[in-house]
Each structure stands twice: as C-alpha cells, then as structure tokens.
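Peer 1: Take a look at model26.cif, mmCIF, C-alpha atoms:
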```cif
data_my_file
#
loop_
_atom_site.label_atom_id
_atom_site.label_comp_id
_atom_site.auth_asym_id
_atom_site.auth_seq_id
_atom_site.Cartn_x
_atom_site.Cartn_y
_atom_site.Cartn_z
CA GLY A 7 -25.06 15.09 -79.41
CA MET A 8 -25.55 13.82 -75.87
CA ILE A 9 -25.34 16.48 -73.16
CA ASP A 10 -23.03 15.23 -70.43
CA HIS A 11 -21.94 17.40 -67.51
CA VAL A 12 -23.44 20.86 -67.02
CA ALA A 13 -22.00 23.28 -64.48
CA PRO A 14 -21.87 27.07 -64.09
CA GLY A 15 -19.87 28.37 -67.01
CA THR A 16 -19.31 25.02 -68.71
CA LEU A 17 -20.92 22.01 -70.33
CA THR A 18 -19.72 18.93 -72.18
CA ALA A 19 -21.38 16.83 -74.85
CA PHE A 20 -20.39 13.76 -76.83
CA PHE A 21 -21.45 12.26 -80.15
CA ASN A 22 -21.83 8.72 -81.54
CA ALA A 23 -23.35 7.37 -78.32
CA PRO A 24 -25.71 5.99 -77.15
CA LEU A 25 -26.83 5.77 -80.82
CA ASP A 26 -24.38 5.20 -83.65
CA ASP A 27 -23.72 8.32 -85.70
CA PRO A 28 -21.47 7.78 -88.74
CA GLU A 29 -21.19 11.56 -89.19
CA HIS A 30 -20.38 12.40 -85.57
CA PHE A 31 -17.23 14.31 -86.57
CA GLU A 32 -19.22 16.64 -88.82
CA ASN A 33 -22.13 16.94 -86.39
CA ALA A 34 -19.85 17.97 -83.54
CA CYS A 35 -18.26 20.67 -85.69
CA GLN A 36 -21.61 21.91 -86.97
CA ALA A 37 -23.03 22.04 -83.43
CA ALA A 38 -20.08 24.20 -82.36
CA LEU A 39 -20.52 26.60 -85.30
CA THR A 40 -24.24 26.86 -84.61
CA MET A 41 -23.58 27.74 -80.97
CA ILE A 42 -21.32 30.59 -82.06
CA GLU A 43 -23.95 31.86 -84.51
CA HIS A 44 -26.61 31.90 -81.79
CA ILE A 45 -24.35 33.96 -79.51
CA LYS A 46 -24.19 36.81 -82.05
CA PRO A 47 -27.79 38.10 -81.72
CA ILE A 48 -27.54 37.83 -77.94
CA ASN A 49 -24.47 40.06 -77.95
CA ASN A 50 -26.15 42.47 -80.34
CA GLU A 51 -28.95 42.90 -77.82
CA LEU A 52 -26.54 43.22 -74.90
CA GLU A 53 -24.76 46.07 -76.69
CA LYS A 54 -28.01 48.05 -76.44
CA GLU A 55 -28.31 47.52 -72.68
CA LEU A 56 -26.47 49.17 -69.80
CA HIS A 57 -25.87 48.28 -66.17
CA VAL A 58 -27.30 50.51 -63.48
CA GLY A 59 -25.02 53.52 -63.55
CA GLY A 60 -24.48 53.42 -67.29
CA ALA A 61 -21.67 50.85 -67.54
CA PRO A 62 -21.86 48.60 -70.63
CA ILE A 63 -22.80 44.94 -70.18
CA ALA A 64 -20.02 42.51 -71.04
CA ARG A 65 -20.45 40.45 -74.18
CA VAL A 66 -21.03 36.71 -73.88
CA GLN A 67 -17.89 34.86 -74.94
CA ILE A 68 -17.45 31.11 -75.16
CA GLY A 69 -14.67 28.72 -76.03
CA ILE A 70 -15.24 25.25 -77.49
CA GLY A 71 -12.78 22.37 -77.65
CA ILE A 72 -13.40 19.34 -79.90
CA GLU A 73 -11.44 16.11 -80.16
CA SER A 74 -12.19 12.59 -81.37
CA GLY A 75 -10.99 9.19 -80.25
CA ALA A 76 -11.86 5.86 -78.64
CA CYS A 77 -13.64 6.29 -75.31
CA VAL A 78 -15.51 4.30 -72.68
CA VAL A 79 -19.20 5.19 -72.61
CA GLY A 80 -21.75 3.95 -70.12
CA ASN A 81 -23.22 4.28 -66.64
CA PHE A 82 -20.61 5.70 -64.27
CA GLY A 83 -23.13 6.12 -61.47
CA THR A 84 -25.20 3.72 -59.40
CA ASP A 85 -28.59 2.04 -59.74
CA ASP A 86 -30.12 4.75 -57.57
CA CYS A 87 -28.24 7.60 -59.23
CA PRO A 88 -27.27 6.65 -62.79
CA GLU A 89 -24.80 8.84 -64.67
CA TYR A 90 -24.45 8.10 -68.36
CA SER A 91 -21.12 9.62 -69.34
CA VAL A 92 -17.90 9.18 -71.30
CA ALA A 93 -14.24 8.85 -70.33
CA GLY A 94 -11.00 8.64 -72.26
CA HIS A 95 -7.98 10.50 -73.56
CA ALA A 96 -10.05 12.36 -76.18
CA VAL A 97 -12.32 13.72 -73.43
CA GLU A 98 -9.32 15.03 -71.51
CA ARG A 99 -7.78 16.49 -74.66
CA ALA A 100 -11.01 18.32 -75.58
CA GLY A 101 -11.06 19.91 -72.14
CA GLU A 102 -7.44 20.98 -72.46
CA ILE A 103 -8.09 22.47 -75.90
CA GLU A 104 -11.16 24.37 -74.69
CA PHE A 105 -9.10 25.94 -71.92
CA LEU A 106 -6.70 27.33 -74.56
CA CYS A 107 -9.32 29.08 -76.73
CA ALA A 108 -8.84 32.50 -75.14
CA LYS A 109 -5.08 32.24 -75.73
CA TYR A 110 -5.46 31.85 -79.50
CA GLY A 111 -8.53 33.95 -80.24
CA PRO A 112 -10.83 31.76 -82.39
CA ALA A 113 -13.80 30.46 -80.40
CA ILE A 114 -13.54 26.84 -81.61
CA ILE A 115 -10.31 24.87 -81.35
CA VAL A 116 -10.13 21.31 -82.69
CA GLY A 117 -7.67 18.47 -82.08
CA GLU A 118 -5.74 16.69 -84.78
CA ALA A 119 -7.95 13.58 -84.97
CA ALA A 120 -11.21 15.53 -85.23
CA ARG A 121 -9.78 17.89 -87.84
CA ALA A 122 -8.52 15.01 -89.99
CA ALA A 123 -11.96 13.36 -89.91
CA ALA A 124 -13.93 16.50 -90.78
CA ASP A 125 -11.41 18.37 -92.95
CA ALA A 126 -13.24 17.92 -96.25
CA ARG A 127 -16.38 19.71 -95.02
CA PHE A 128 -15.08 22.55 -92.84
CA ALA A 129 -12.59 25.42 -92.86
CA PHE A 130 -9.63 24.83 -90.52
CA LEU A 131 -6.43 26.75 -89.85
CA GLU A 132 -3.57 25.43 -87.74
CA VAL A 133 -2.93 27.51 -84.62
CA ASP A 134 -0.16 25.71 -82.75
CA LYS A 135 1.69 22.57 -81.79
CA LEU A 136 1.27 21.58 -78.15
CA TYR A 137 4.10 20.22 -76.07
CA ALA A 138 3.92 16.42 -75.91
CA GLY A 139 7.15 15.45 -74.19
CA ALA A 140 10.77 16.38 -74.79
CA ASN A 141 11.24 13.83 -77.59
CA ALA A 142 7.88 14.31 -79.32
CA GLU A 143 7.13 16.35 -82.45
CA GLY A 144 4.25 18.19 -80.83
CA VAL A 145 0.50 17.80 -81.23
CA PRO A 146 -1.10 20.18 -83.77
CA ILE A 147 -4.38 21.95 -83.00
CA PHE A 148 -6.62 23.88 -85.38
CA ALA A 149 -9.17 26.68 -85.41
CA LEU A 150 -12.57 25.83 -86.88
CA LEU A 151 -13.70 28.90 -88.84
CA GLY A 152 -16.66 27.78 -90.91
CA ASN A 153 -18.51 25.21 -92.99
CA ALA A 154 -17.92 23.90 -96.51
CA ILE A 155 -19.07 27.19 -98.06
CA VAL A 156 -16.43 29.10 -96.11
CA ARG A 157 -13.83 26.42 -96.92
CA THR A 158 -14.28 26.87 -100.68
CA SER A 159 -14.49 30.67 -100.67
CA PRO A 160 -11.67 32.57 -102.44
CA LYS A 161 -11.10 34.72 -99.33
CA PHE A 162 -10.49 31.70 -97.10
CA ARG A 163 -8.31 30.00 -99.72
CA ALA A 164 -6.09 33.09 -99.89
CA LEU A 165 -5.97 33.35 -96.10
CA GLN A 166 -5.17 29.65 -95.79
CA THR A 167 -2.21 29.96 -98.17
CA PHE A 168 -0.64 32.88 -96.31
CA HIS A 169 -1.43 31.29 -92.95
CA GLU A 170 0.28 28.01 -93.83
CA HIS A 171 3.34 29.95 -94.99
CA ILE A 172 3.43 31.67 -91.60
CA PHE A 173 3.99 28.35 -89.89
CA GLN A 174 6.49 27.16 -92.50
CA THR A 175 8.68 30.24 -92.11
CA TYR A 176 8.22 30.37 -88.34
CA ARG A 177 9.42 26.79 -87.91
CA ALA A 178 12.28 27.53 -90.31
CA ARG A 179 13.25 30.44 -87.98
CA GLN A 180 12.75 32.97 -90.77
CA TRP A 181 11.43 35.63 -88.41
CA ASP A 182 11.28 38.60 -90.81
CA LYS A 183 9.40 36.58 -93.43
CA THR A 184 6.96 35.41 -90.76
CA ARG A 185 6.27 39.00 -89.69
CA ALA A 186 5.58 40.02 -93.29
CA LEU A 187 3.19 37.11 -93.79
CA ILE A 188 1.34 37.99 -90.60
CA GLU A 189 0.75 41.50 -91.92
CA GLN A 190 -0.57 40.06 -95.19
CA CYS A 191 -3.01 37.88 -93.23
CA ARG A 192 -4.18 40.92 -91.27
CA ALA A 193 -4.87 42.69 -94.57
CA LEU A 194 -7.18 39.81 -95.50
CA SER A 195 -9.29 40.56 -92.39
CA SER A 196 -8.28 37.35 -90.70
CA PRO A 197 -10.44 36.38 -87.71
CA ALA A 198 -7.32 35.57 -85.68
CA PRO A 199 -5.69 38.86 -84.56
CA ILE A 200 -4.98 37.49 -81.07
CA LEU A 201 -3.24 34.49 -82.64
CA TYR A 202 -0.99 36.67 -84.77
CA ASP A 203 -0.13 38.88 -81.80
CA LEU A 204 0.84 35.70 -79.96
CA TYR A 205 3.26 34.68 -82.71
CA LEU A 206 4.78 38.14 -82.94
CA ALA A 207 5.48 37.89 -79.22
CA ARG A 208 7.02 34.44 -79.68
CA ILE A 209 9.25 35.71 -82.49
CA ALA A 210 10.45 38.55 -80.26
CA TYR A 211 11.20 36.01 -77.55
CA TYR A 212 13.16 33.73 -79.86
CA GLU A 213 15.18 36.61 -81.28
CA SER A 214 16.48 37.15 -77.74
CA ASN A 215 16.44 33.46 -76.82
CA PRO A 216 17.24 31.45 -79.99
CA PRO A 217 15.82 27.91 -79.93
CA GLY A 218 18.23 24.97 -79.97
CA GLN A 219 19.19 23.04 -83.08
CA ASP A 220 16.71 20.29 -82.20
CA TRP A 221 13.76 22.73 -81.93
CA ASN A 222 10.58 21.11 -83.28
CA GLY A 223 8.44 24.23 -83.54
CA VAL A 224 6.80 23.82 -80.14
CA PHE A 225 7.00 26.91 -77.96
CA VAL A 226 8.49 26.03 -74.58
CA PRO A 227 9.85 29.06 -72.67
CA ALA A 228 13.24 28.57 -71.07
CA GLN A 229 13.12 27.60 -67.42
CA ASN A 230 14.94 29.98 -65.08
#
```
As structure tokens - that is how I would like this structure written.

Peer 2:
Amino acid sequence: GMIDHVAPGTLTAFFNAPLDDPEHFENACQAALTMIEHIKPINNELEKELHVGGAPIARVQIGIGIESGACVVGNFGTDDCPEYSVAGHAVERAGEIEFLCAKYGPAIIVGEAARAAADARFAFLEVDKLYAGANAEGVPIFALLGNAIVRTSPKFRALQTFHEHIFQTYRARQWDKTRALIEQCRALSSPAPILYDLYLARIAYYESNPPGQDWNGVFVPAQN
C-alpha cells in the first residue's frame, strides 16, 4: 500500500497505485488484519502498566474502513511541494465507514465493492445497510473478521448462518425471532457484542415506532 495522509490519530493508504497490483483488494484486507494483530501485544503490555497514581492506561483501539472503486491518482500539489494522493467516491466512502467502526464494534468495516472483490479469501459478516436516499435500497457494509482459515472454520460457518438469519428476520420485522438468533450468536462467542446490542436497541425502537410498509431495512429514526 501507499501511505497517503498522516495526522494525529489517523492515516490513510491506498493500493494499486503508483504500481499496478492485481491483488489490491486482498492486500488491503490483509494489511488491516495485520494492523489489528500488531495492536494486541501492545495492549497486553499496556495492561501491565499504570499511570502515576495507579490508574490503568487505556488500551489502544483503532477503526479501519476499506472500500474499492475508480479514483483519480496523481500529484495534487505543486512542483515545489508535490503531494501524491488519491481522490474519489471510494476514498470518501472509506472515511465514512471508518468513522462508524466504534458504532458497530468490529475494528475493520468494509464497503460492498471491496467485500465482493475479496469475499473468497476472507471472513465477512454484514453489519448494516446505510441510508442512501429516500428511494434507495441502502448500501450494505460488512465486518472483516479474518483470513481464509477463519472463513472456512466450522465456528465461523455456524456463526455466519445464524448471523445471516438475524438480518433476514430483522428485515422481515420478526422481532422475537431476531432476538432469539442474537442470543444464539452470543453463545457462539461472536466478536460483535456491540453490534448485537445495537440491533436489540433498534428492535425496541421499532416495536414502539413501527416502520412503514415501504421500509427497506435501513434504520432511519423518525424526525421530531
């Protein structure tokens, strides 16, 4: 990958430029997973340390957003101050997705195009459909949970089955069935407890505020 902007608390990188990379989808996903793995030993060490006064040191937490699409890549600076960078809808979408990581729980959230390109080699679970206009079906986003080994593991396969049923029953407004499926996913030690808490809260909301007949599964709270 090519490191782009770096600022306190954030950085961006892009793949497939300036050199062609036919596996840029996979390399972006693997880079994200590797970053998460390297955070673990750092947090293990931080757990052993204390601030002055005995307060525990906060763990390092990161969120990563990945999306793929056609972009403009090149020098956006000047001759005296060159700035090789990238611009396009996929760049904006990746930033939007990254911002949502804390809301859903999993550290890596991936857009629809990137997930479709890398699906055969990584473990993905859908987490939501984002609002894309009143007449749109919504834009799905996915959590990236592991590599091909995780994807083919019996534990993930079982989790994936229950997880997909959660979204089927949720969008069919079968609230009790959705709750039961969430509890089954929790029993499988799912890495997405925050996500399931989010959907339990949405179900409670919809039980008091039923969605309209044209509801497309996208959560849009009523405007007061």

Peer 1: Residues within 12 Å of (-17.3, 28.8, -74.3), file coordinates, counting only C-alpha atoms: what are they? Give the list as a CSV table (one decimal) with C-alpha atoms, keeping the file's coordinate frame.

Peer 2:
```csv
chain,number,residue,atom,x,y,z
A,14,PRO,CA,-21.9,27.1,-64.1
A,15,GLY,CA,-19.9,28.4,-67.0
A,16,THR,CA,-19.3,25.0,-68.7
A,17,LEU,CA,-20.9,22.0,-70.3
A,18,THR,CA,-19.7,18.9,-72.2
A,38,ALA,CA,-20.1,24.2,-82.4
A,39,LEU,CA,-20.5,26.6,-85.3
A,41,MET,CA,-23.6,27.7,-81.0
A,42,ILE,CA,-21.3,30.6,-82.1
A,45,ILE,CA,-24.4,34.0,-79.5
A,66,VAL,CA,-21.0,36.7,-73.9
A,67,GLN,CA,-17.9,34.9,-74.9
A,68,ILE,CA,-17.4,31.1,-75.2
A,69,GLY,CA,-14.7,28.7,-76.0
A,70,ILE,CA,-15.2,25.2,-77.5
A,71,GLY,CA,-12.8,22.4,-77.6
A,72,ILE,CA,-13.4,19.3,-79.9
A,101,GLY,CA,-11.1,19.9,-72.1
A,103,ILE,CA,-8.1,22.5,-75.9
A,104,GLU,CA,-11.2,24.4,-74.7
A,105,PHE,CA,-9.1,25.9,-71.9
A,106,LEU,CA,-6.7,27.3,-74.6
A,107,CYS,CA,-9.3,29.1,-76.7
A,108,ALA,CA,-8.8,32.5,-75.1
A,111,GLY,CA,-8.5,34.0,-80.2
A,112,PRO,CA,-10.8,31.8,-82.4
A,113,ALA,CA,-13.8,30.5,-80.4
A,114,ILE,CA,-13.5,26.8,-81.6
A,115,ILE,CA,-10.3,24.9,-81.4
```

Peer 1: I'd like the contact shell of Glu73 of chain A - 9 Å cut-off, all atoms listed in the file, skipping same-chain residues fewer than 3 positions apart - returned as number ranges by chain.

Peer 2: A: 31, 96-101, 103, 115-121

Peer 1: Please determine, counting all atoms listed in the file, which residue among A:Ile48, A:Leu194, A:Leu187, A:Ala122 has the shortest atom-to-atom distance to Phe162 of chain A.

Peer 2: A:Leu194

Peer 1: Between atom CA of Ala198 of chain A and atom CA of Asn222 of chain A, what is the distance in Å, rounded to a tenth?

Peer 2: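 Value for the atom CA of Ala198 of chain A-atom CA of Asn222 of chain A distance: 23.1 Å.
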
Peer 1: From the set A:Tyr137, A:Tyr205, A:Ala149, A:Glu29, which residue has the shortest atom-to-atom contact distance to Trp181 of chain A, counting all atoms listed in the file?

Peer 2: A:Tyr205

Peer 1: Using all atoms listed in the file for the distances, tell me which of A:Ile147, A:Pro199, A:Gly152, A:Ala13 is nearest to Ala126 of chain A.

Peer 2: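 Distance minimum relative to Ala126 of chain A lands on A:Gly152.
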
Peer 1: At a cut-off of 12 Å, using all atoms listed in the file, what residues contact Lys183 of chain A? Leave out same-chain residues fewer than 6 positions from it and give the result as a list in words.

Peer 2: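 So the residues in contact are Phe168, His171, Ile172, Phe173, Gln174, Thr175, Tyr176, Arg177, Glu189, Gln190, Leu206 and Ile209 of chain A.
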
Peer 1: Please compute the atom CA of Phe148 of chain A-atom CA of Pro197 of chain A distance, one decimal, in Å.

Peer 2: 13.3 Å

Peer 1: As an exercise, work out the distance from atom CA of Phe128 of chain A to atom CA of Ala154 of chain A in Å and give it to one decimal place.

Peer 2: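 Going from atom CA of Phe128 of chain A over to atom CA of Ala154 of chain A, I get 4.8 Å.
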
Peer 1: Go through A:Leu52, A:Cys35, A:Gly144, A:Ala19 one by one, measure the shortest atom-to-atom distance of each to Phe130 of chain A using only C-alpha atoms, and give the residue with the smallest value.

Peer 2: A:Cys35

Peer 1: Using only C-alpha atoms, pick whichever of A:Cys77, A:Ala178, A:Cys87, A:Ala124 has the shortest atom-to-atom distance to Pro217 of chain A.

Peer 2: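 Of A:Cys77, A:Ala178, A:Cys87, A:Ala124, the one nearest Pro217 of chain A is A:Ala178, counting only C-alpha atoms.
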
Peer 1: Could you give me segment 107-125 of chain A completed to N, CA, C and O atoms, formatted as a compact mmCIF listing (two decimals), keeping the file's coordinate frame?

Peer 2:
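Dumped to out.txt:
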```txt
# COMPACT_ATOMS: atom_id res chain seq x y z
N CYS A 107 -8.67 28.26 -75.70
CA CYS A 107 -9.32 29.08 -76.73
C CYS A 107 -9.00 30.56 -76.57
O CYS A 107 -8.69 31.25 -77.55
N ALA A 108 -9.08 31.07 -75.35
CA ALA A 108 -8.84 32.50 -75.14
C ALA A 108 -7.42 32.90 -75.52
O ALA A 108 -7.16 34.03 -75.94
N LYS A 109 -6.49 31.97 -75.41
CA LYS A 109 -5.08 32.24 -75.73
C LYS A 109 -4.89 32.49 -77.22
O LYS A 109 -4.06 33.31 -77.61
N TYR A 110 -5.66 31.77 -78.05
CA TYR A 110 -5.46 31.85 -79.50
C TYR A 110 -6.43 32.78 -80.20
O TYR A 110 -6.14 33.24 -81.31
N GLY A 111 -7.58 33.04 -79.62
CA GLY A 111 -8.53 33.95 -80.24
C GLY A 111 -9.76 33.30 -80.83
O GLY A 111 -10.88 33.59 -80.40
N PRO A 112 -9.64 32.41 -81.84
CA PRO A 112 -10.83 31.76 -82.39
C PRO A 112 -11.62 31.01 -81.32
O PRO A 112 -11.05 30.41 -80.41
N ALA A 113 -12.94 31.03 -81.45
CA ALA A 113 -13.80 30.46 -80.40
C ALA A 113 -13.80 28.94 -80.38
O ALA A 113 -14.11 28.34 -79.35
N ILE A 114 -13.48 28.31 -81.51
CA ILE A 114 -13.54 26.84 -81.61
C ILE A 114 -12.17 26.31 -81.97
O ILE A 114 -11.62 26.64 -83.03
N ILE A 115 -11.60 25.48 -81.10
CA ILE A 115 -10.31 24.87 -81.35
C ILE A 115 -10.51 23.35 -81.40
O ILE A 115 -11.20 22.78 -80.57
N VAL A 116 -9.88 22.72 -82.39
CA VAL A 116 -10.13 21.31 -82.69
C VAL A 116 -8.81 20.55 -82.66
O VAL A 116 -7.78 21.04 -83.12
N GLY A 117 -8.85 19.32 -82.12
CA GLY A 117 -7.67 18.47 -82.08
C GLY A 117 -7.38 17.85 -83.43
O GLY A 117 -8.18 17.90 -84.38
N GLU A 118 -6.22 17.23 -83.51
CA GLU A 118 -5.74 16.69 -84.78
C GLU A 118 -6.65 15.61 -85.34
O GLU A 118 -6.95 15.58 -86.53
N ALA A 119 -7.13 14.69 -84.48
CA ALA A 119 -7.95 13.58 -84.97
C ALA A 119 -9.29 14.08 -85.50
O ALA A 119 -9.77 13.64 -86.56
N ALA A 120 -9.92 15.00 -84.78
CA ALA A 120 -11.21 15.53 -85.23
C ALA A 120 -11.05 16.33 -86.51
O ALA A 120 -11.88 16.25 -87.42
N ARG A 121 -10.00 17.12 -86.62
CA ARG A 121 -9.78 17.89 -87.84
C ARG A 121 -9.57 16.98 -89.04
O ARG A 121 -10.14 17.20 -90.12
N ALA A 122 -8.78 15.92 -88.88
CA ALA A 122 -8.52 15.01 -89.99
C ALA A 122 -9.81 14.35 -90.47
O ALA A 122 -10.01 14.14 -91.66
N ALA A 123 -10.71 14.03 -89.54
CA ALA A 123 -11.96 13.36 -89.91
C ALA A 123 -12.94 14.29 -90.60
O ALA A 123 -13.71 13.85 -91.47
N ALA A 124 -12.93 15.57 -90.25
CA ALA A 124 -13.93 16.50 -90.78
C ALA A 124 -13.35 17.51 -91.76
O ALA A 124 -14.06 18.42 -92.20
N ASP A 125 -12.11 17.35 -92.17
CA ASP A 125 -11.41 18.37 -92.95
C ASP A 125 -12.08 18.69 -94.26
O ASP A 125 -12.08 19.84 -94.71
```
